[in-house]
Amino acid sequence: MNAVEIESALSELALQTFDAAEFPFAFLAAFGNKETTLKRLRTGNNNASDVPGAVLQRNNIHIAVCEPGNVGDTLKALHGSAATTKAKAKFILATDGQTLEAEEMASGETIACDYADFPDHFGFFLALAGISTIKEIKDNPIDVRATGRLNKLYVELLRENPDWATEERRHDMNHFMARLVFCFFAEDTDIFNGEGLFTRTVEQMGERDGSNTHQVLSEIFRAMNVKIEERTDTRPRLPSWADQFPYVNGGLFSGSTEVPRFTRMARTYLLHAGNLNWKEINPDIFGSMIQAVADDEERGALGMHYTSVPNILKVLNPLFLDDLREQLEAAGDNKAKLLNLRKRMARIRVFDPACGSGNFLVIAYKQMRAIEAEINRRRDEAHLGSDIPLTNFRGIELRDFPAEIARLALIIAEFQCDVLYRGQQDALAEVLPLNSQNWIICDNALRLDWLSLMDVHRTGVKLVTDDLFGAPVKQTEINFDNEGGEIYICGNPPYKGSQTQTKDQKADLESVFNPYGISSKQIDYVGGWFMKAAAFSAVTKAESAFVSTNSVCQGRIVPLLWPKIFEVGSFIRFAHTSFKWANLASKNAGVTVAIVGLSTETSKKRRLYDSSADGELIVREAANITPYLTIGENIVVHGQRSSVSGLTEMSFGNMPVDGGNLLLSAEEIPLLSLSPPESDQFLRRIYGSAEFIRGLVRYCLWITDEALPRAMGIRAIRERIDSVKSMREASKDSGTRDMAKRAHQFREMNHATHHTLILPGVSSEGREYLPVGLLDNRSVVSNLAFALYDAPLWNMALIASRLHLIWIGTVCGKMKTDFRYSNTLGWNTFPVPLLTEQNKADLTTCAENILLAREAHFPATIADLYDPEKMPDNLRHAHKRNDEVLERIYIGRRFRNDTERLEKLFDLYTKMTTVKGQPLAAVKKRKKA
């Protein structure tokens with residue numbers, strides 16, 4: 001379920017005849033509860049309510065239907081209910097079918113409304129579906145409702161007009177939807193004369209079955225492309241009902257006026273959408289809400305593209321808005337300084353090269369208009385029009401529908417700002433005809449020349465079309481108003497890790513990085529935008545900031561991407577360390593992102609934004625911000641063949657290369673018909689990541705060269721060895737063919753004399769610690785895990801620490817959302833202070849305590865024990881004690897947060913790997929020479 005689907009379900013529920021007995025279950029169904037869950041509640045099995053007739057869903061909501069007039073008293077009863085507290089209900093709700101009241105228990109926020117109006121408050125209840133409440137949605141539901149209505153209309157029209165769903169006609173369909181959006185907005189904001197002119201005309205002039213709706217719309221659209229003074233000469237003549245509509249121009253209604261055919265249902269959806277109050281539409285929300293409407297693959301994810309205003313401002317504020325506000329504050333009431341600031345703002349260009357439906361551009365425009373309005377107020381010039389040209393807000397978007405919506409969203413934002421700061425009359429006087437310039441480009445941003453688009457060299461771009469919304473959509477040659485200003489590049493480009501990129505996307509990255517001699521095979525798609533922005537800034541004065549998965553500041557990407565960005569002259573001026581970027585998806589955990597701002601202006605302050613444990617924003621000024629988003633020198637961590645700290649060697653486990661013949665499940669063991677001595681000699685437990693973490697049981701044949709004759713005397717084993725030999729001999733790899741000579745063995749035959757420390761190669765990011773373990777000397781570690789053979793136990797304390805987890809997450813990176821371990825890049829680079837014998841003894845005790853705490857919960861698996869919501873208290877305490885002992889070795893106290901941990905680790909790593917300011921590897925190389 002997403003927000004659009006929830007709003008639609010609640011609206012349908014409110015229209016139905018009120019059923020007191022059924023309402024609680026229908027309400028819960030609207031938030032995605034399955035019928036099996038509702039059935040258990042109906043039968044009372046899971047209903048722990050102590051209020052007569054009420055329904056209580058644990059960890060969710062306590063609902064009661066009451067007699068007319070008793071809603072307030074019933075809500076009080078729910079609030080005072082012991083069951084509400086015990087079940088940790090997030091909400092309480094009471095209704096009598098006439099009114100409805102509800103309260104959010106954590107915040108104490110309440111709503112009270114007529115029953116028919118409760119869908120207006122759907123945003124209040126989104127937490128019931130696991131969706132984080134977003135203030136803009138909560139305060140103004142029109143955007144979600146409009147999205148839902150338009151989506152239903154779009155789907156119904158494509159069903160009736162399948163030819164409009166083809167690639168050839170998709171642009172026509174999207175253009176038609178953009179026209180509708182403008183008409184809905186215009187009729188509710190007096191841009192069209194008469195209240196509800198568009199929807200009313202369609203309703204009055206169209207047949208109820210929708211048979212002529214396409215003709216009515218076509219005539220309306222035709223009218224809005226003809227100037228008033230030319231209408232008397234227009235042939236065919238416009239009908240009188242169409243003649244009421246103004247001349248709009250801007251290309252929105254030029255070209256073909258063909259409209260898809262309507263069914264009765266499509267007409268109904270159109271009227272439902274038109275009857276909403278579009279005056280309240282929020283362009284910075286609405287655009288991203290509906291951009292999935294026109295995308296077959298994304299239509300089921302309506303609203304999931306929504307980016308909250310606070311998150312967008314995390315990019316725009318430090319990029320340039322904070323500076324403008326500081327200048328406004330410094331100007332005070334000095335009219336000359338205020339005028340200079342206004343002139344500066346009029347020349348600022350904001351450029352989003354992955355603009356989608358224009359969120360970043362719209363927010364930037366609205367924020368700048370607010371600052372400009374305050375300047376005009378202080379200068380006693382509130383009557384003035386804006387000097388900030390809409391066409392200075394440029395964007396590139398690959399898909400045409402979001403690009404059209406971005407232009408429309410900016411037009412709506414401009415009109416709303418004019419109404420707010422200048423008044424309705426002045427706004428209406430200037431809104432039509434629309435500006436015909438096409439400043440949102442539909443094209444591939446990684447293939448375009450950004451310098452040409454932004455007219456950096458002042459060659460004078462030319463306007464080659466008067467069509468805002470029509471062909472050619474790739475037009476980039478638009479003159480800038482107020483030349484010579486600053487350029488700020490921003491946005492939220494597509495992330496796409498190297499494993500999920502399409503062939504075309506890989507080619508896009510190659511086109512960006514090949515000129516720099518960089519292999520882009522391991523670089524995330526978003527890395528292309530960072531490189532293009534840095535290259536742009538090397539030619540002209542510009543600053544940039546992008547939202548990105550934090551993977552561009554972790555692992556193997558860092559040595560590939562960031563040295564070249566620094567080499568072309570950019571540095572990290574500000575950054576937000578990792579945080580969750582949530583959307584409107586149900587049960588959405590949000591992707592972990594970082595915000596990185598680049599600049600070439602060395603005079604500007606550098607700031608690192610971080611969050612405390614309780615979510616409070618921490619801002620620190622820095623001499624330099626590293627590519628790992630810490631404060632310090634720009635060091636890049638490279639893999640090492642041996643530990644910089646002199647730690648025990650860590651290696652991959654043993655690779656079978658056996659076609660499955662040397663590995664056995666527990667069920668296959670009896671089929672070998674081995675005697676106890678033979679089992680003891682030839683069989684061993686084998687552990688990879690899954691076996692160690694989830695407790696899976698697997699065995700392997702472990703045969704030394706000396707024992708081979710005896711093993712070959714056992715038919716079942718001999719057959720397996722022969723199968724391994726055949727498989728290896730048939731391989732195209734010469735190394736594998738060579739291994740056929742010892743088909744009885746794994747590629748490696750590493751084992752311990754006393755014990756082995758095992759560490760899985762991949763571990764869930766949800767775990768607070770890496771799941772390292774201790775195995776006996778008969779256990780085999782497969783190539784799906786790492787092993788330390790006969791390592792002192794204090795090594796386990798290092799691996800099991802929060803310090804090591806943070807280091808691995810940063811320098812090794814992640815596979816999807818899981819920690820990806822590397823012995824050369826993670827373990828061998830891990831900086832550890834010189835340990836005393838007492839330090840090692842203390843850490844050994846810590847490791848023993850962790851093992852004992854696990855043992856107390858046998859047979860619980862590592863997966864069970866390290867589930868963050870179920871981790872036993874004694875195990876958590878053992879880990880915290882281990883963290884305290886280790887961190888005191890580093891700095892004499894516990895670290896305050898992960899950022900402080902990283903900064904200490906990088907500082908220590910820098911000292912360990914440099915000699916007199918030179919990288920240690922380079923010094924060693926010179927000595928050998």
# chains A, B, ... in the order shown; residues from 1 in each chain; ligands from 1
call {"tool": "select_by_dssp", "arguments": {"residues": "range 52-174 of chain A", "states": "strand (DSSP E or B)", "output": "PyMOL selection string"}}
result
chain A and resi 55-57+61-65+91-95+99-104+110-114
call {"tool": "residues_around", "arguments": {"residues": "range 653-658 of chain A", "least_positions_apart": "5", "cutoff": "10 Å", "atoms": "only C-alpha atoms", "output": "PyMOL selection string"}}
result
chain A and resi 663+686-688+700-701+720-721+723-728+736+739-740+743-751+758-761+780-788
call {"tool": "atom_distance", "arguments": {"atom1": "CA of Asn59 in chain A", "atom2": "CA of Ile862 in chain A"}}
result
26.8 Å
call {"tool": "select_by_dssp", "arguments": {"residues": "range 619-720 of chain A", "states": "alpha helix (DSSP H)", "output": "PyMOL selection string"}}
result
chain A and resi 676-682+689-694+708-712+715-720
call {"tool": "atom_distance", "arguments": {"atom1": "CA of Asp524 in chain A", "atom2": "CA of Val591 in chain A"}}
result
14.7 Å
call {"tool": "closest_residue", "arguments": {"among": "A:Ile405, A:Leu100, A:Ala83, A:Leu886", "to": "Asn70 in chain A", "atoms": "only C-alpha atoms"}}
result
A:Leu100
call {"tool": "residues_around", "arguments": {"residues": "Thr824 in chain A", "least_positions_apart": "4", "cutoff": "12 Å", "atoms": "only C-alpha atoms", "output": "list in words"}}
result
Gly555, Arg556, Val637, His638, Gly639, Gln640, Arg641, Ser642, Ser643, Val644, Glu649, Met650, Ser651, Phe652, Phe786, Ile808, Val811, Cys812, Asn828, Thr829 and Phe830 of chain A
call {"tool": "closest_residue", "arguments": {"among": "A:Asn275, A:Ser240, A:Thr201, A:Leu128", "to": "Arg149 in chain A", "atoms": "only C-alpha atoms"}}
result
A:Asn275
call {"tool": "closest_residue", "arguments": {"among": "A:Gly356, A:Gly423, A:Gly659, A:Pro310", "to": "Asp722 in chain A", "atoms": "only C-alpha atoms"}}
result
A:Gly659
call {"tool": "residues_around", "arguments": {"residues": "Trp529 in chain A", "least_positions_apart": "4", "cutoff": "10 Å", "atoms": "only C-alpha atoms", "output": "list in words"}}
result
Pro353, Ala354, Ala445, Leu446, Ile489, Cys490, Gly491, Asn492, Pro493, Pro494, Tyr495, Leu509, Val512, Tyr525, Ala533, Ala534, Ala535, Ser544, Ala545, Phe546 and Ser548 of chain A
call {"tool": "atom_distance", "arguments": {"atom1": "CA of Arg881 in chain A", "atom2": "CA of Leu825 in chain A"}}
result
26.8 Å
call {"tool": "residues_around", "arguments": {"residues": "Ala30 in chain A", "least_positions_apart": "6", "cutoff": "10 Å", "atoms": "only C-alpha atoms", "output": "list in words"}}
result
Met1, Glu5, Ile6, Glu7, Ser8, Ala9, Leu10, Ser11, Glu12, Leu13, Leu128 and Ala129 of chain A
call {"tool": "residues_around", "arguments": {"residues": "Glu203 in chain A", "least_positions_apart": "5", "cutoff": "10 Å", "atoms": "only C-alpha atoms", "output": "short mmCIF file (atom, residue, chain, number, x, y, z; two decimals) with all heavy atoms, in the first residue's frame"}}
result
data_model
loop_
_atom_site.label_atom_id
_atom_site.label_comp_id
_atom_site.auth_asym_id
_atom_site.auth_seq_id
_atom_site.Cartn_x
_atom_site.Cartn_y
_atom_site.Cartn_z
N LEU A 197 -14.85 26.56 -14.37
CA LEU A 197 -15.26 26.68 -15.77
C LEU A 197 -14.94 25.42 -16.57
O LEU A 197 -15.79 24.93 -17.33
CB LEU A 197 -14.56 27.89 -16.41
CG LEU A 197 -14.80 28.09 -17.91
CD1 LEU A 197 -16.27 28.39 -18.18
CD2 LEU A 197 -13.90 29.19 -18.45
N PHE A 198 -13.76 24.89 -16.42
CA PHE A 198 -13.35 23.74 -17.23
C PHE A 198 -14.19 22.51 -16.91
O PHE A 198 -14.79 21.90 -17.80
CB PHE A 198 -11.86 23.47 -17.01
CG PHE A 198 -11.35 22.24 -17.72
CD1 PHE A 198 -11.21 22.24 -19.09
CD2 PHE A 198 -11.01 21.09 -17.02
CE1 PHE A 198 -10.73 21.11 -19.76
CE2 PHE A 198 -10.54 19.97 -17.67
CZ PHE A 198 -10.41 19.98 -19.04
N ARG A 208 -23.33 11.76 -20.87
CA ARG A 208 -23.02 11.02 -19.64
C ARG A 208 -22.20 9.76 -19.90
O ARG A 208 -21.45 9.32 -19.04
CB ARG A 208 -24.32 10.64 -18.91
CG ARG A 208 -25.01 11.82 -18.26
CD ARG A 208 -26.26 11.37 -17.51
NE ARG A 208 -26.89 12.48 -16.80
CZ ARG A 208 -26.56 12.85 -15.57
NH1 ARG A 208 -25.60 12.19 -14.93
NH2 ARG A 208 -27.16 13.86 -14.97
N GLY A 210 -19.83 9.53 -21.92
CA GLY A 210 -18.47 9.91 -22.32
C GLY A 210 -18.22 9.87 -23.80
O GLY A 210 -17.09 10.12 -24.24
N THR A 213 -16.92 13.30 -25.03
CA THR A 213 -16.02 14.05 -24.15
C THR A 213 -14.75 14.46 -24.88
O THR A 213 -14.24 15.57 -24.69
CB THR A 213 -15.67 13.22 -22.89
OG1 THR A 213 -16.87 12.89 -22.19
CG2 THR A 213 -14.73 13.99 -21.97
N VAL A 216 -15.45 17.60 -26.87
CA VAL A 216 -15.57 18.79 -26.02
C VAL A 216 -14.18 19.28 -25.61
O VAL A 216 -13.87 20.47 -25.71
CB VAL A 216 -16.43 18.48 -24.78
CG1 VAL A 216 -16.43 19.67 -23.81
CG2 VAL A 216 -17.86 18.13 -25.19
N ARG A 267 -14.88 9.51 -17.95
CA ARG A 267 -15.50 10.83 -17.74
C ARG A 267 -15.72 11.08 -16.25
O ARG A 267 -15.49 12.19 -15.74
CB ARG A 267 -16.83 10.90 -18.49
CG ARG A 267 -17.60 12.22 -18.29
CD ARG A 267 -18.88 12.19 -19.13
NE ARG A 267 -19.65 13.42 -18.95
CZ ARG A 267 -20.57 13.60 -18.00
NH1 ARG A 267 -20.81 12.63 -17.12
NH2 ARG A 267 -21.22 14.76 -17.92
N THR A 268 -16.15 10.04 -15.53
CA THR A 268 -16.38 10.17 -14.09
C THR A 268 -15.08 10.51 -13.37
O THR A 268 -15.04 11.39 -12.50
CB THR A 268 -16.97 8.87 -13.52
OG1 THR A 268 -18.21 8.60 -14.17
CG2 THR A 268 -17.19 8.99 -12.02
N LEU A 270 -12.48 11.98 -14.62
CA LEU A 270 -12.12 13.35 -14.99
C LEU A 270 -12.87 14.36 -14.13
O LEU A 270 -12.28 15.31 -13.60
CB LEU A 270 -12.43 13.59 -16.46
CG LEU A 270 -12.18 15.01 -16.98
CD1 LEU A 270 -10.68 15.30 -17.01
CD2 LEU A 270 -12.78 15.21 -18.36
N LEU A 271 -14.18 14.15 -13.96
CA LEU A 271 -14.98 15.08 -13.16
C LEU A 271 -14.59 15.03 -11.69
O LEU A 271 -14.55 16.05 -11.01
CB LEU A 271 -16.48 14.76 -13.32
CG LEU A 271 -17.03 14.91 -14.75
CD1 LEU A 271 -18.50 14.54 -14.79
CD2 LEU A 271 -16.82 16.34 -15.27
#
call {"tool": "residues_around", "arguments": {"residues": "Leu316 in chain A", "least_positions_apart": "4", "cutoff": "9 Å", "atoms": "only C-alpha atoms", "output": "VMD selection string"}}
result
chain A and resid 312 320 to 322 360 363 to 364 490 545
call {"tool": "write_last_selection", "arguments": {"atoms": "all heavy atoms", "output": "PDB file, in the first residue's frame"}}
result
ATOM      1  N   ILE A 312      15.096  18.307   0.765  1.00  0.00           N
ATOM      2  CA  ILE A 312      15.601  19.113  -0.351  1.00  0.00           C
ATOM      3  C   ILE A 312      16.405  20.296   0.179  1.00  0.00           C
ATOM      4  O   ILE A 312      17.452  20.665  -0.373  1.00  0.00           O
ATOM      5  CB  ILE A 312      14.438  19.579  -1.238  1.00  0.00           C
ATOM      6  CG1 ILE A 312      13.836  18.387  -1.991  1.00  0.00           C
ATOM      7  CG2 ILE A 312      14.894  20.641  -2.242  1.00  0.00           C
ATOM      8  CD1 ILE A 312      12.609  18.714  -2.799  1.00  0.00           C
ATOM      9  N   PHE A 320      23.489  27.392  -1.332  1.00  0.00           N
ATOM     10  CA  PHE A 320      23.486  28.836  -1.583  1.00  0.00           C
ATOM     11  C   PHE A 320      22.409  29.623  -0.838  1.00  0.00           C
ATOM     12  O   PHE A 320      22.554  30.824  -0.631  1.00  0.00           O
ATOM     13  CB  PHE A 320      23.348  29.117  -3.087  1.00  0.00           C
ATOM     14  CG  PHE A 320      21.989  28.852  -3.665  1.00  0.00           C
ATOM     15  CD1 PHE A 320      21.104  29.895  -3.887  1.00  0.00           C
ATOM     16  CD2 PHE A 320      21.599  27.570  -4.007  1.00  0.00           C
ATOM     17  CE1 PHE A 320      19.855  29.666  -4.440  1.00  0.00           C
ATOM     18  CE2 PHE A 320      20.352  27.325  -4.559  1.00  0.00           C
ATOM     19  CZ  PHE A 320      19.477  28.379  -4.778  1.00  0.00           C
ATOM     20  N   LEU A 321      21.327  28.972  -0.377  1.00  0.00           N
ATOM     21  CA  LEU A 321      20.256  29.731   0.261  1.00  0.00           C
ATOM     22  C   LEU A 321      20.681  30.322   1.602  1.00  0.00           C
ATOM     23  O   LEU A 321      20.302  31.454   1.936  1.00  0.00           O
ATOM     24  CB  LEU A 321      19.022  28.843   0.446  1.00  0.00           C
ATOM     25  CG  LEU A 321      18.264  28.456  -0.829  1.00  0.00           C
ATOM     26  CD1 LEU A 321      17.120  27.503  -0.500  1.00  0.00           C
ATOM     27  CD2 LEU A 321      17.739  29.693  -1.547  1.00  0.00           C
ATOM     28  N   ASP A 322      21.463  29.568   2.385  1.00  0.00           N
ATOM     29  CA  ASP A 322      21.934  30.101   3.671  1.00  0.00           C
ATOM     30  C   ASP A 322      22.742  31.381   3.457  1.00  0.00           C
ATOM     31  O   ASP A 322      22.622  32.342   4.220  1.00  0.00           O
ATOM     32  CB  ASP A 322      22.790  29.062   4.403  1.00  0.00           C
ATOM     33  CG  ASP A 322      21.950  27.991   5.081  1.00  0.00           C
ATOM     34  OD1 ASP A 322      20.739  28.212   5.249  1.00  0.00           O
ATOM     35  OD2 ASP A 322      22.515  26.937   5.439  1.00  0.00           O
ATOM     36  N   PHE A 360      13.477  20.114  -6.872  1.00  0.00           N
ATOM     37  CA  PHE A 360      14.566  20.980  -6.401  1.00  0.00           C
ATOM     38  C   PHE A 360      14.447  22.373  -7.002  1.00  0.00           C
ATOM     39  O   PHE A 360      14.685  23.377  -6.324  1.00  0.00           O
ATOM     40  CB  PHE A 360      15.920  20.357  -6.759  1.00  0.00           C
ATOM     41  CG  PHE A 360      16.337  19.244  -5.837  1.00  0.00           C
ATOM     42  CD1 PHE A 360      15.787  17.971  -5.948  1.00  0.00           C
ATOM     43  CD2 PHE A 360      17.276  19.461  -4.839  1.00  0.00           C
ATOM     44  CE1 PHE A 360      16.157  16.953  -5.102  1.00  0.00           C
ATOM     45  CE2 PHE A 360      17.666  18.441  -3.988  1.00  0.00           C
ATOM     46  CZ  PHE A 360      17.104  17.179  -4.115  1.00  0.00           C
ATOM     47  N   ILE A 363      11.447  24.277  -5.295  1.00  0.00           N
ATOM     48  CA  ILE A 363      11.772  24.714  -3.933  1.00  0.00           C
ATOM     49  C   ILE A 363      12.772  25.865  -3.974  1.00  0.00           C
ATOM     50  O   ILE A 363      12.634  26.858  -3.246  1.00  0.00           O
ATOM     51  CB  ILE A 363      12.342  23.544  -3.110  1.00  0.00           C
ATOM     52  CG1 ILE A 363      11.294  22.452  -2.933  1.00  0.00           C
ATOM     53  CG2 ILE A 363      12.822  24.033  -1.742  1.00  0.00           C
ATOM     54  CD1 ILE A 363      10.060  22.878  -2.196  1.00  0.00           C
ATOM     55  N   ALA A 364      13.782  25.758  -4.826  1.00  0.00           N
ATOM     56  CA  ALA A 364      14.766  26.844  -4.936  1.00  0.00           C
ATOM     57  C   ALA A 364      14.081  28.137  -5.368  1.00  0.00           C
ATOM     58  O   ALA A 364      14.348  29.217  -4.808  1.00  0.00           O
ATOM     59  CB  ALA A 364      15.855  26.458  -5.938  1.00  0.00           C
ATOM     60  N   CYS A 490      22.379  21.158  -8.654  1.00  0.00           N
ATOM     61  CA  CYS A 490      21.839  20.394  -7.524  1.00  0.00           C
ATOM     62  C   CYS A 490      20.936  19.283  -8.029  1.00  0.00           C
ATOM     63  O   CYS A 490      20.581  19.240  -9.208  1.00  0.00           O
ATOM     64  CB  CYS A 490      21.050  21.327  -6.597  1.00  0.00           C
ATOM     65  SG  CYS A 490      19.648  22.128  -7.424  1.00  0.00           S
ATOM     66  N   ALA A 545      25.792  20.275  -5.552  1.00  0.00           N
ATOM     67  CA  ALA A 545      25.486  19.398  -4.419  1.00  0.00           C
ATOM     68  C   ALA A 545      24.455  18.378  -4.867  1.00  0.00           C
ATOM     69  O   ALA A 545      23.436  18.735  -5.469  1.00  0.00           O
ATOM     70  CB  ALA A 545      24.956  20.200  -3.231  1.00  0.00           C
TER      71      ALA A 545
END
call {"tool": "closest_residue", "arguments": {"among": "A:Tyr421, A:Lys541, A:Thr74, A:Ile375", "to": "Leu451 in chain A", "atoms": "only C-alpha atoms"}}
result
A:Lys541
call {"tool": "closest_residue", "arguments": {"among": "A:Asp842, A:Ser764, A:Phe253, A:Asp426", "to": "Trp794 in chain A", "atoms": "only C-alpha atoms"}}
result
A:Asp842
call {"tool": "closest_residue", "arguments": {"among": "A:Lys840, A:Asp418, A:Leu410, A:Lys279", "to": "Ala373 in chain A", "atoms": "only C-alpha atoms"}}
result
A:Asp418
